[in-house]
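The file start_29.cif comes next; it holds mmCIF, C-alpha atoms.
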```
data_structure
#
loop_
_atom_site.label_atom_id
_atom_site.label_comp_id
_atom_site.auth_asym_id
_atom_site.auth_seq_id
_atom_site.Cartn_x
_atom_site.Cartn_y
_atom_site.Cartn_z
CA MET A 1 -21.90 -15.77 -4.58
CA THR A 2 -23.44 -13.48 -7.17
CA GLU A 3 -21.85 -12.83 -10.55
CA PRO A 4 -20.73 -9.25 -9.68
CA ASP A 5 -19.21 -10.49 -6.41
CA GLU A 6 -17.34 -13.21 -8.25
CA ARG A 7 -15.99 -10.74 -10.81
CA PHE A 8 -14.89 -8.45 -7.99
CA ALA A 9 -13.08 -11.30 -6.22
CA LEU A 10 -11.36 -12.49 -9.40
CA ARG A 11 -10.23 -8.94 -10.21
CA ALA A 12 -8.80 -8.57 -6.68
CA ILE A 13 -6.96 -11.88 -7.05
CA ARG A 14 -5.48 -10.80 -10.39
CA ARG A 15 -4.23 -7.57 -8.78
CA LYS A 16 -2.67 -9.29 -5.77
CA ARG A 17 0.93 -8.71 -6.87
CA LEU A 18 0.13 -5.09 -7.72
CA PHE A 19 -1.09 -4.48 -4.17
CA LEU A 20 2.10 -5.96 -2.71
CA GLY A 21 4.25 -3.89 -5.07
CA LEU A 22 2.41 -0.70 -4.19
CA SER A 23 2.82 -1.42 -0.50
CA ILE A 24 6.57 -1.97 -0.85
CA ALA A 25 6.88 1.15 -2.99
CA GLY A 26 4.97 3.18 -0.39
CA LEU A 27 7.32 2.04 2.37
CA SER A 28 10.34 2.88 0.21
CA ILE A 29 9.00 6.33 -0.60
CA ALA A 30 8.19 7.03 3.06
CA PHE A 31 11.71 5.99 4.08
CA ALA A 32 13.27 8.16 1.36
CA LEU A 33 11.14 11.17 2.36
CA THR A 34 12.06 10.66 6.01
CA ALA A 35 15.75 10.65 5.12
CA LEU A 36 15.39 13.68 2.85
CA TYR A 37 13.42 15.73 5.38
CA GLY A 38 15.86 14.67 8.12
CA VAL A 39 18.81 15.97 6.10
CA LEU A 40 16.99 19.19 5.25
CA TRP A 41 16.11 19.73 8.91
CA TRP A 42 19.68 18.90 9.98
CA ARG A 43 21.05 21.54 7.59
CA ASN A 44 18.40 24.10 8.56
CA PRO A 45 16.78 23.64 12.00
CA ALA A 46 14.05 26.14 11.02
CA PHE A 47 12.86 23.75 8.29
CA PRO A 48 9.15 23.00 8.92
CA VAL A 49 9.00 19.29 9.69
CA ALA A 50 5.38 18.92 10.85
CA PRO A 51 3.68 19.31 7.44
CA ARG A 52 6.16 16.88 5.93
CA ALA A 53 5.51 14.39 8.74
CA VAL A 54 1.83 14.45 7.79
CA ILE A 55 2.75 13.61 4.20
CA ILE A 56 4.90 10.69 5.38
CA LEU A 57 2.07 9.48 7.61
CA LEU A 58 -0.37 9.54 4.70
CA VAL A 59 2.07 7.60 2.49
CA LEU A 60 2.47 5.00 5.27
CA LEU A 61 -1.29 4.71 5.72
CA ASN A 62 -1.67 4.14 1.99
CA ALA A 63 1.03 1.45 2.08
CA ARG A 64 -0.80 -0.25 4.96
CA GLN A 65 -4.05 -0.22 3.00
CA ASN A 66 -2.34 -1.75 -0.03
CA LEU A 67 -0.89 -4.48 2.19
CA ARG A 68 -4.37 -5.13 3.57
CA GLN A 69 -5.71 -5.43 0.01
CA TYR A 70 -2.95 -7.93 -0.76
CA LYS A 71 -3.89 -10.03 2.26
CA TYR A 72 -7.58 -9.99 1.33
CA ALA A 73 -6.76 -11.01 -2.23
CA ARG A 74 -4.62 -13.87 -0.92
CA LEU A 75 -7.50 -15.04 1.30
CA LEU A 76 -9.96 -14.79 -1.58
CA GLU A 77 -7.62 -16.85 -3.72
CA GLY A 78 -7.61 -19.55 -1.07
CA PHE A 79 -11.39 -19.52 -0.72
CA MET A 80 -12.10 -19.56 -4.43
CA GLY A 81 -9.59 -22.31 -5.15
CA LYS A 82 -9.09 -23.42 -8.73
CA MET A 83 -11.73 -21.04 -10.05
CA ALA A 84 -9.29 -18.13 -9.59
CA ARG A 85 -6.57 -19.70 -11.71
#
```
Before anything else, please render the file you have as structure tokens.
Amino acid sequence: MTEPDERFALRAIRRKRLFLGLSIAGLSIAFALTALYGVLWWRNPAFPVAPRAVIILLVLLNARQNLRQYKYARLLEGFMGKMAR
């Protein structure tokens, strides 16, 4: 493994908890937006839901990517062993 690759892996391992936190936050935000837009649509059936659904989808996709980063960092930590600690 080259020096830049090793630095990249160590940085990803250090940020592992951040990735998990961002993923959980993204899911929470998507749930809150779904509830908010549901209430707004329930009070006004003419409320445009489709553009808001796209926003929720993008938040969920971002949360999925952060979870994927967390999993990769966890795998890297296992492969690198004691060097990462």
As a PDB file with C-alpha atoms, keeping the file's coordinate frame, please: the residues near region 68-80 of chain A (cut-off 6 Å, only C-alpha atoms, same-chain neighbours under 2 positions excluded).
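The new file result-v3.pdb reads:
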```
ATOM      1  CA  ALA A  12      -8.800  -8.570  -6.680  1.00  0.00           C
ATOM      2  CA  ILE A  13      -6.960 -11.880  -7.050  1.00  0.00           C
ATOM      3  CA  LYS A  16      -2.670  -9.290  -5.770  1.00  0.00           C
ATOM      4  CA  PHE A  19      -1.090  -4.480  -4.170  1.00  0.00           C
ATOM      5  CA  LEU A  20       2.100  -5.960  -2.710  1.00  0.00           C
ATOM      6  CA  GLN A  65      -4.050  -0.220   3.000  1.00  0.00           C
ATOM      7  CA  ASN A  66      -2.340  -1.750  -0.030  1.00  0.00           C
ATOM      8  CA  MET A  83     -11.730 -21.040 -10.050  1.00  0.00           C
TER       9      MET A  83
END
```
Return the padded bounding box of region 11-25 of chain A as lines of an AutoDock Vina configuration file: axis-aligned, built from all atoms listed in the file, 3 Å added on each side, with centre and edge lengths in Å to one decimal.
```
center_x = -1.7
center_y = -5.4
center_z = -5.4
size_x = 23.1
size_y = 19.0
size_z = 15.9
```
Residues picked by the PyMOL selection byres ((chain A and resi 26) around 12) here, as a PyMOL selection string? chain A and resi 19-25+27-33+55-67
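What separates CA of Thr2 (chain A) from CA of Leu18 (chain A) is a distance of 25.0 Å.
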Figure out the distance between CA of Arg17 (chain A) and CA of Met1 (chain A), please, to one decimal in Å. 24.0 Å
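Rounded to one decimal, CA of Val54 (chain A) and CA of Gly38 (chain A) lie 14.0 Å from each other.
Using all atoms listed in the file, the shortest contact distance between Thr34 (chain A) and any of A:Glu3, A:Ala46, A:Leu10, A:Ala53 is found at A:Ala53.
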